>>> print(open('run_4.txt').read())   # compact mmCIF, C-alpha atoms
# COMPACT_ATOMS: atom_id res chain seq x y z
CA MET A 256 163.85 126.12 -136.66
CA THR A 257 163.90 124.57 -133.18
CA LEU A 258 162.54 121.10 -132.53
CA VAL A 259 159.92 121.09 -129.79
CA PHE A 260 161.48 117.91 -128.41
CA GLN A 261 164.48 115.76 -129.23
CA ALA A 262 164.04 113.74 -132.40
CA ALA A 263 164.01 109.96 -132.14
CA PRO A 264 167.36 108.34 -132.97
CA VAL A 265 167.86 106.85 -136.41
CA VAL A 266 167.16 103.12 -136.34
CA THR A 267 170.03 101.14 -137.85
CA VAL A 268 170.92 97.50 -138.50
CA PRO A 269 174.62 96.58 -138.36
CA VAL A 270 176.26 95.15 -141.47
CA ALA A 271 177.96 91.81 -140.88
CA GLY A 272 181.74 91.78 -140.96
CA SER A 273 182.14 95.56 -140.77
CA ASP A 274 181.61 98.65 -138.65
CA ASP A 275 178.95 99.88 -141.07
CA ALA A 276 175.31 100.33 -140.15
CA PHE A 277 172.26 100.37 -142.45
CA PRO A 278 169.84 103.23 -141.62
CA VAL A 279 166.27 101.96 -141.84
CA ARG A 280 163.59 104.07 -143.53
CA ARG A 281 160.53 101.83 -143.93
CA ILE A 282 159.60 98.21 -143.27
CA TYR A 283 157.38 96.55 -145.87
CA CYS A 284 156.05 93.03 -145.25
CA VAL A 285 154.63 90.60 -147.79
CA GLY A 286 151.55 88.66 -146.72
CA ARG A 287 151.00 84.95 -147.41
CA ASN A 288 153.98 84.48 -149.72
CA TYR A 289 154.42 80.70 -149.25
CA ALA A 290 151.65 78.50 -150.66
CA ALA A 291 151.40 76.15 -147.68
CA HIS A 292 151.22 79.09 -145.26
CA ALA A 293 148.47 80.70 -147.36
CA ARG A 294 146.51 77.45 -147.14
CA GLU A 295 146.99 77.14 -143.37
CA MET A 296 145.58 80.66 -143.08
CA GLY A 297 142.54 79.63 -145.13
CA PHE A 298 143.40 81.10 -148.54
CA ASP A 299 144.07 79.79 -152.04
CA PRO A 300 147.57 80.98 -153.01
CA GLU A 301 146.83 80.69 -156.72
CA ARG A 302 144.19 83.43 -156.68
CA GLU A 303 145.84 86.59 -155.42
CA PRO A 304 148.67 88.97 -156.36
CA PRO A 305 151.12 89.98 -153.62
CA PHE A 306 149.87 92.31 -150.91
CA PHE A 307 151.72 94.29 -148.29
CA PHE A 308 151.50 95.78 -144.83
CA CYS A 309 154.01 97.91 -142.94
CA LYS A 310 155.66 97.96 -139.55
CA PRO A 311 157.10 101.05 -137.90
CA THR A 312 160.87 101.37 -138.02
CA ASP A 313 161.13 101.37 -134.23
CA ALA A 314 159.57 97.89 -134.10
CA ILE A 315 163.06 96.57 -134.88
CA VAL A 316 164.86 94.57 -132.21
CA TYR A 317 168.44 93.95 -133.34
CA VAL A 318 169.96 90.61 -132.34
CA ALA A 319 173.71 90.29 -132.75
CA PRO A 320 175.19 86.92 -133.79
CA GLY A 321 176.04 84.73 -130.82
CA THR A 322 173.68 86.62 -128.52
CA THR A 323 170.09 86.06 -127.46
CA GLY A 324 167.66 88.86 -128.14
CA GLN A 325 164.64 89.60 -125.98
CA PHE A 326 161.09 89.86 -127.28
CA PRO A 327 158.75 91.31 -124.65
CA TYR A 328 155.44 89.47 -124.84
CA PRO A 329 152.99 92.08 -126.16
CA THR A 330 149.97 93.42 -124.35
CA GLN A 331 146.32 92.83 -125.32
CA THR A 332 146.90 89.38 -126.85
CA GLU A 333 146.63 85.76 -125.82
CA ASN A 334 147.89 84.36 -129.12
CA CYS A 335 151.22 85.85 -130.21
CA HIS A 336 152.78 84.02 -133.19
CA TYR A 337 156.28 83.74 -134.67
CA GLU A 338 156.88 84.04 -138.43
CA MET A 339 160.42 83.38 -139.72
CA GLU A 340 161.33 85.43 -142.79
CA LEU A 341 164.05 86.36 -145.26
CA VAL A 342 164.57 90.14 -145.19
CA ALA A 343 165.80 92.01 -148.27
CA ALA A 344 167.38 95.45 -147.76
CA ILE A 345 167.11 98.07 -150.49
CA GLY A 346 170.34 99.89 -151.32
CA LYS A 347 169.30 101.54 -154.59
CA GLY A 348 165.95 103.24 -154.96
CA GLY A 349 163.52 103.54 -157.81
CA ARG A 350 159.98 103.41 -159.15
CA ASP A 351 158.50 100.91 -161.60
CA ILE A 352 161.58 98.74 -161.34
CA ALA A 353 161.83 96.01 -163.96
CA GLU A 354 161.91 92.49 -162.56
CA THR A 355 165.06 91.77 -164.58
CA GLU A 356 166.83 94.65 -162.81
CA ALA A 357 165.26 94.31 -159.36
CA LEU A 358 168.08 92.43 -157.65
CA GLU A 359 170.46 95.26 -158.57
CA HIS A 360 168.54 97.29 -155.98
CA VAL A 361 169.24 94.84 -153.12
CA PHE A 362 171.97 95.85 -150.68
CA GLY A 363 171.81 92.66 -148.69
CA TYR A 364 169.82 90.11 -146.72
CA ALA A 365 169.03 89.35 -143.08
CA LEU A 366 167.09 87.00 -140.85
CA GLY A 367 163.87 88.45 -139.50
CA LEU A 368 160.88 87.59 -137.35
CA ASP A 369 157.45 89.04 -138.08
CA MET A 370 155.87 88.68 -134.65
CA THR A 371 152.09 88.81 -134.81
CA ARG A 372 149.22 89.29 -132.36
CA ARG A 373 147.23 86.67 -134.27
CA ASP A 374 144.01 87.01 -132.33
CA LEU A 375 143.90 90.75 -132.99
CA GLN A 376 144.88 90.30 -136.63
CA MET A 377 142.08 87.77 -137.16
CA GLU A 378 139.57 90.01 -135.41
CA MET A 379 140.50 92.89 -137.71
CA ARG A 380 140.38 90.62 -140.77
CA LYS A 381 136.85 89.50 -139.94
CA MET A 382 135.78 93.13 -139.57
CA GLY A 383 137.47 94.18 -142.82
CA ARG A 384 139.81 96.53 -140.95
CA PRO A 385 143.58 97.12 -141.28
CA TRP A 386 145.94 94.71 -139.56
CA ASP A 387 148.11 97.33 -137.84
CA ILE A 388 147.02 96.40 -134.32
CA GLY A 389 148.06 92.80 -134.95
CA LYS A 390 151.29 93.44 -136.85
CA ALA A 391 152.74 96.87 -136.14
CA PHE A 392 153.23 96.77 -132.38
CA ASP A 393 156.37 97.49 -130.34
CA HIS A 394 159.29 95.05 -130.72
CA SER A 395 157.47 93.11 -133.47
CA ALA A 396 160.38 92.99 -135.94
CA PRO A 397 163.44 91.19 -134.49
CA ILE A 398 166.27 91.10 -137.03
CA GLY A 399 169.84 89.87 -137.36
CA PRO A 400 172.75 91.65 -139.10
CA LEU A 401 172.60 92.51 -142.77
CA HIS A 402 174.82 90.45 -145.06
CA ARG A 403 175.94 92.21 -148.22
CA ALA A 404 174.56 90.63 -151.38
CA GLU A 405 177.98 90.88 -152.98
CA GLN A 406 179.21 88.41 -150.36
CA THR A 407 176.22 86.06 -150.03
CA GLY A 408 174.90 86.23 -153.57
CA HIS A 409 171.17 86.61 -154.09
CA LEU A 410 169.35 84.03 -151.98
CA LYS A 411 167.06 82.29 -154.44
CA GLN A 412 167.15 78.96 -152.61
CA GLY A 413 168.18 77.54 -149.26
CA ALA A 414 166.52 76.16 -146.15
CA ILE A 415 164.48 78.47 -143.93
CA TRP A 416 163.53 77.08 -140.53
CA LEU A 417 162.42 77.89 -137.00
CA GLU A 418 162.42 76.04 -133.68
CA VAL A 419 160.66 76.80 -130.41
CA ASN A 420 162.37 75.29 -127.34
CA GLY A 421 164.34 72.99 -129.65
CA ILE A 422 161.28 71.64 -131.49
CA THR A 423 161.08 72.33 -135.23
CA LYS A 424 157.98 74.33 -136.14
CA GLN A 425 158.80 75.76 -139.58
CA ARG A 426 160.95 74.25 -142.33
CA ALA A 427 160.82 75.13 -146.01
CA ASP A 428 163.03 76.53 -148.76
CA VAL A 429 163.37 80.12 -149.94
CA SER A 430 162.82 78.83 -153.48
CA GLN A 431 159.19 78.18 -152.46
CA LEU A 432 158.35 81.89 -152.26
CA ILE A 433 155.25 82.47 -154.40
CA TRP A 434 156.63 85.88 -155.37
CA SER A 435 160.43 85.93 -155.53
CA VAL A 436 162.47 88.79 -154.12
CA ALA A 437 162.86 90.23 -157.62
CA GLU A 438 159.15 89.94 -158.38
CA THR A 439 158.25 91.44 -155.02
CA ILE A 440 160.51 94.47 -155.53
CA ALA A 441 159.17 95.04 -159.05
CA TYR A 442 155.55 94.81 -157.90
CA LEU A 443 156.01 96.93 -154.76
CA SER A 444 157.80 99.66 -156.72
CA ARG A 445 154.67 100.22 -158.81
CA TYR A 446 152.91 101.54 -155.70
CA PHE A 447 155.75 103.08 -153.67
CA GLU A 448 159.03 104.69 -154.57
CA LEU A 449 161.61 102.42 -152.98
CA VAL A 450 164.43 104.27 -151.26
CA PRO A 451 167.78 103.14 -149.83
CA GLY A 452 167.05 102.10 -146.26
CA ASP A 453 163.84 100.22 -146.97
CA LEU A 454 163.50 96.67 -145.64
CA ILE A 455 161.22 94.02 -147.14
CA TYR A 456 160.15 91.09 -144.97
CA THR A 457 159.39 88.59 -147.73
CA GLY A 458 156.90 86.24 -146.05
CA THR A 459 156.87 83.16 -143.85
CA PRO A 460 156.50 79.41 -144.50
CA GLU A 461 153.83 77.17 -143.02
CA GLY A 462 153.96 76.12 -139.39
CA VAL A 463 153.30 79.42 -137.64
CA GLY A 464 152.20 79.12 -134.05
CA ALA A 465 151.99 80.70 -130.64
CA VAL A 466 154.71 81.39 -128.10
CA VAL A 467 154.48 82.25 -124.41
CA LYS A 468 156.79 83.88 -121.90
CA GLY A 469 159.80 81.67 -121.23
CA ASP A 470 159.96 80.23 -124.77
CA THR A 471 163.13 80.41 -126.86
CA ILE A 472 162.88 80.96 -130.61
CA ARG A 473 165.74 79.90 -132.85
CA GLY A 474 165.56 80.42 -136.60
CA GLY A 475 167.83 80.48 -139.59
CA ILE A 476 168.32 80.58 -143.34
CA ASP A 477 171.15 78.92 -145.23
CA GLY A 478 173.93 81.45 -145.70
CA LEU A 479 172.69 83.89 -143.06
CA GLY A 480 173.35 82.06 -139.81
CA GLU A 481 170.87 81.91 -136.93
CA LEU A 482 168.64 84.24 -134.94
CA LEU A 483 168.00 83.46 -131.25
CA VAL A 484 165.29 85.22 -129.24
CA ASP A 485 163.82 84.68 -125.78
CA VAL A 486 160.20 85.58 -125.11
CA VAL A 487 160.14 87.57 -121.87
>>> encode(input="run_4.txt", output="structure tokens")
Amino acid sequence: MTLVFQAAPVVTVPVAGSDDAFPVRRIYCVGRNYAAHAREMGFDPEREPPFFFCKPTDAIVYVAPGTTGQFPYPTQTENCHYEMELVAAIGKGGRDIAETEALEHVFGYALGLDMTRRDLQMEMRKMGRPWDIGKAFDHSAPIGPLHRAEQTGHLKQGAIWLEVNGITKQRADVSQLIWSVAETIAYLSRYFELVPGDLIYTGTPEGVGAVVKGDTIRGGIDGLGELLVDVV
């Protein structure tokens, strides 16, 4: 069999402290997984189970520690938002994973940004249509290196924060996730077979807001360092 054109390169995320790279298969994202963020988006966090959307693998923009990544301001929007998130990387696959065993499936953790064309997302929400146009666009998933869980431990608590141009916009604690990493993996695995290479963006705290060209985003999570991105 001959390919009719050259296949796209495998998207990878480097593993901190090594020459290893994590090949990415799918990107799952959890919606409204911090109570205060759910409320700021107009929803009652006590009333809904977790829900998910996906981003394409090539939405990843890798940002190495000590460097500044570039996020090209997307087309067709006038209201592009940042969302700082803990990312869990799946290293062991499975279906119907028990919550008590879910963390055994985690390879490691990373810092991630779920960049969002909020105006387009809201328009689709009002029309009852999928969010893809607001969430799954090019360059919408900046990410730092993966840190092995065996080195960091499983991040069940710790500050998560984001600044724009040095001004704090988001600050919360990973312990405030409505659905923990273990619960999220267990729930998601009922609907999809999780496979090594899957990434799960676990949700963002309150304080989301817009950025414009020229802004600098800096975010972090205790134990994972910082992520620095310029909007260009």
>>> residues_around(input="run_4.txt", residues="Val436 of chain A", least_positions_apart="4", cutoff="8 Å", atoms="all atoms listed in the file", output="MDAnalysis selection string")
chainID A and resid 343 358 411 440 457
>>> closest_residue(input="run_4.txt", among="A:Pro400, A:Pro305, A:Pro269, A:Gly464", to="Glu438 of chain A", atoms="all atoms listed in the file")
A:Pro305
>>> atom_distance(input="run_4.txt", atom1="atom CA of Asp485 of chain A", atom2="atom CA of Val467 of chain A")
9.7 Å
>>> atom_distance(input="run_4.txt", atom1="atom CA of Glu359 of chain A", atom2="atom CA of Glu405 of chain A")
10.3 Å
>>> closest_residue(input="run_4.txt", among="A:Cys284, A:Val266, A:Ile388, A:Ile422", to="Tyr456 of chain A", atoms="only C-alpha atoms")
A:Cys284
>>> closest_residue(input="run_4.txt", among="A:Pro385, A:Pro304, A:Gly480, A:Pro320", to="Thr439 of chain A", atoms="all atoms listed in the file")
A:Pro304
>>> residues_around(input="run_4.txt", residues="Leu401 of chain A", least_positions_apart="6", cutoff="7 Å", atoms="all atoms listed in the file", output="list in words")
Val268, Pro269, Val270, Ala271, Gly363, Tyr364 and Ala365 of chain A
>>> atom_distance(input="run_4.txt", atom1="atom CA of Phe277 of chain A", atom2="atom CA of Ala414 of chain A")
25.2 Å
>>> closest_residue(input="run_4.txt", among="A:Leu410, A:Leu341, A:Ala396, A:Ala404", to="Met370 of chain A", atoms="all atoms listed in the file")
A:Ala396
>>> residues_near_point(input="run_4.txt", point="(159.2, 102.2, -147.1)", cutoff="8 Å", atoms="only C-alpha atoms", output="list in words")
Arg280, Arg281, Ile282, Tyr283, Cys309, Phe447, Glu448, Leu449, Val450, Gly452, Asp453 and Leu454 of chain A
>>> residues_around(input="run_4.txt", residues="Gln425 of chain A", least_positions_apart="3", cutoff="8 Å", atoms="only C-alpha atoms", output="tab-separated table (two decimals) with C-alpha atoms, in the coordinates of the input")
chain	number	residue	atom	x	y	z
A	339	MET	CA	160.42	83.38	-139.72
A	415	ILE	CA	164.48	78.47	-143.93
A	416	TRP	CA	163.53	77.08	-140.53
A	417	LEU	CA	162.42	77.89	-137.00
A	418	GLU	CA	162.42	76.04	-133.68
A	460	PRO	CA	156.50	79.41	-144.50
A	461	GLU	CA	153.83	77.17	-143.02
A	462	GLY	CA	153.96	76.12	-139.39
A	463	VAL	CA	153.30	79.42	-137.64
>>> closest_residue(input="run_4.txt", among="A:Leu432, A:Met256, A:Val318, A:Leu479", to="Tyr289 of chain A", atoms="only C-alpha atoms")
A:Leu432
>>> residues_near_point(input="run_4.txt", point="(161.6, 72.7, -148.7)", cutoff="9 Å", atoms="all atoms listed in the file", output="PDB file with C-alpha atoms, in the coordinates of the input")
ATOM      1  CA  GLY A 413     168.180  77.540-149.260  1.00  0.00           C
ATOM      2  CA  ALA A 414     166.520  76.160-146.150  1.00  0.00           C
ATOM      3  CA  ILE A 415     164.480  78.470-143.930  1.00  0.00           C
ATOM      4  CA  ARG A 426     160.950  74.250-142.330  1.00  0.00           C
ATOM      5  CA  ALA A 427     160.820  75.130-146.010  1.00  0.00           C
ATOM      6  CA  ASP A 428     163.030  76.530-148.760  1.00  0.00           C
ATOM      7  CA  VAL A 429     163.370  80.120-149.940  1.00  0.00           C
ATOM      8  CA  SER A 430     162.820  78.830-153.480  1.00  0.00           C
ATOM      9  CA  GLN A 431     159.190  78.180-152.460  1.00  0.00           C
TER      10      GLN A 431
END
>>> residues_around(input="run_4.txt", residues="Asp393 of chain A", least_positions_apart="5", cutoff="8 Å", atoms="all atoms listed in the file", output="count of residues only")
3
>>> closest_residue(input="run_4.txt", among="A:Ile476, A:Asn288, A:Val316, A:Arg372", to="Glu303 of chain A", atoms="all atoms listed in the file")
A:Asn288
>>> residues_around(input="run_4.txt", residues="Asp470 of chain A", least_positions_apart="4", cutoff="7 Å", atoms="only C-alpha atoms", output="PyMOL selection string")
chain A and resi 419-420+466+485-486
>>> build_atoms(input="run_4.txt", residues="segment 380-391 of chain A", atoms="all heavy atoms", output="compact mmCIF listing (two decimals), keeping the file's coordinate frame")
# COMPACT_ATOMS: atom_id res chain seq x y z
N ARG A 380 140.67 91.19 -139.45
CA ARG A 380 140.38 90.62 -140.77
C ARG A 380 138.88 90.35 -140.92
O ARG A 380 138.29 90.64 -141.96
CB ARG A 380 141.17 89.32 -140.97
CG ARG A 380 141.21 88.85 -142.40
CD ARG A 380 142.09 87.62 -142.53
NE ARG A 380 141.34 86.40 -142.21
CZ ARG A 380 141.87 85.19 -142.21
NH1 ARG A 380 143.15 85.02 -142.50
NH2 ARG A 380 141.13 84.13 -141.93
N LYS A 381 138.28 89.79 -139.89
CA LYS A 381 136.85 89.50 -139.94
C LYS A 381 136.01 90.77 -140.09
O LYS A 381 134.95 90.76 -140.73
CB LYS A 381 136.42 88.75 -138.68
CG LYS A 381 136.93 87.33 -138.59
CD LYS A 381 136.53 86.69 -137.28
CE LYS A 381 137.08 85.28 -137.15
NZ LYS A 381 136.74 84.67 -135.83
N MET A 382 136.51 91.86 -139.53
CA MET A 382 135.78 93.13 -139.57
C MET A 382 136.13 93.95 -140.81
O MET A 382 135.57 95.04 -141.01
CB MET A 382 136.08 93.93 -138.31
CG MET A 382 135.64 93.23 -137.03
SD MET A 382 136.18 94.08 -135.52
CE MET A 382 135.17 95.54 -135.57
N GLY A 383 137.05 93.44 -141.64
CA GLY A 383 137.47 94.18 -142.82
C GLY A 383 138.29 95.41 -142.52
O GLY A 383 138.32 96.36 -143.30
N ARG A 384 139.01 95.38 -141.38
CA ARG A 384 139.81 96.53 -140.95
C ARG A 384 141.30 96.26 -141.14
O ARG A 384 141.71 95.12 -141.29
CB ARG A 384 139.51 96.85 -139.49
CG ARG A 384 138.09 97.32 -139.26
CD ARG A 384 137.82 97.60 -137.80
NE ARG A 384 136.46 98.09 -137.59
CZ ARG A 384 135.94 98.35 -136.40
NH1 ARG A 384 136.68 98.18 -135.30
NH2 ARG A 384 134.69 98.79 -136.29
N PRO A 385 142.14 97.31 -141.13
CA PRO A 385 143.58 97.12 -141.28
C PRO A 385 144.16 96.25 -140.17
O PRO A 385 143.61 96.17 -139.08
CB PRO A 385 144.13 98.55 -141.21
CG PRO A 385 142.99 99.43 -141.61
CD PRO A 385 141.76 98.74 -141.08
N TRP A 386 145.30 95.65 -140.47
CA TRP A 386 145.94 94.71 -139.56
C TRP A 386 146.89 95.37 -138.56
O TRP A 386 147.56 94.67 -137.79
CB TRP A 386 146.77 93.71 -140.35
CG TRP A 386 146.01 92.75 -141.19
CD1 TRP A 386 144.66 92.64 -141.34
CD2 TRP A 386 146.58 91.73 -142.01
NE1 TRP A 386 144.35 91.63 -142.20
CE2 TRP A 386 145.52 91.04 -142.63
CE3 TRP A 386 147.89 91.32 -142.27
CZ2 TRP A 386 145.72 89.98 -143.51
CZ3 TRP A 386 148.09 90.27 -143.15
CH2 TRP A 386 147.03 89.60 -143.75
N ASP A 387 147.04 96.68 -138.60
CA ASP A 387 148.11 97.33 -137.84
C ASP A 387 148.19 96.88 -136.39
O ASP A 387 149.27 96.63 -135.85
CB ASP A 387 147.93 98.85 -137.88
CG ASP A 387 147.97 99.41 -139.29
OD1 ASP A 387 147.11 99.03 -140.09
OD2 ASP A 387 148.85 100.24 -139.57
N ILE A 388 147.04 96.75 -135.74
CA ILE A 388 147.02 96.40 -134.32
C ILE A 388 147.59 95.00 -134.07
O ILE A 388 148.09 94.70 -132.99
CB ILE A 388 145.59 96.54 -133.75
CG1 ILE A 388 145.62 96.64 -132.23
CG2 ILE A 388 144.69 95.40 -134.22
CD1 ILE A 388 144.29 97.03 -131.63
N GLY A 389 147.53 94.14 -135.09
CA GLY A 389 148.06 92.80 -134.95
C GLY A 389 149.48 92.63 -135.42
O GLY A 389 150.15 91.66 -135.07
N LYS A 390 149.98 93.59 -136.22
CA LYS A 390 151.29 93.44 -136.85
C LYS A 390 152.30 94.52 -136.49
O LYS A 390 153.50 94.26 -136.50
CB LYS A 390 151.11 93.45 -138.39
CG LYS A 390 150.47 92.19 -138.97
CD LYS A 390 151.45 91.03 -138.98
CE LYS A 390 150.95 89.88 -139.83
NZ LYS A 390 151.92 88.75 -139.88
N ALA A 391 151.84 95.72 -136.21
CA ALA A 391 152.74 96.87 -136.14
C ALA A 391 153.02 97.32 -134.72
O ALA A 391 153.24 98.50 -134.47
CB ALA A 391 152.16 98.02 -136.96
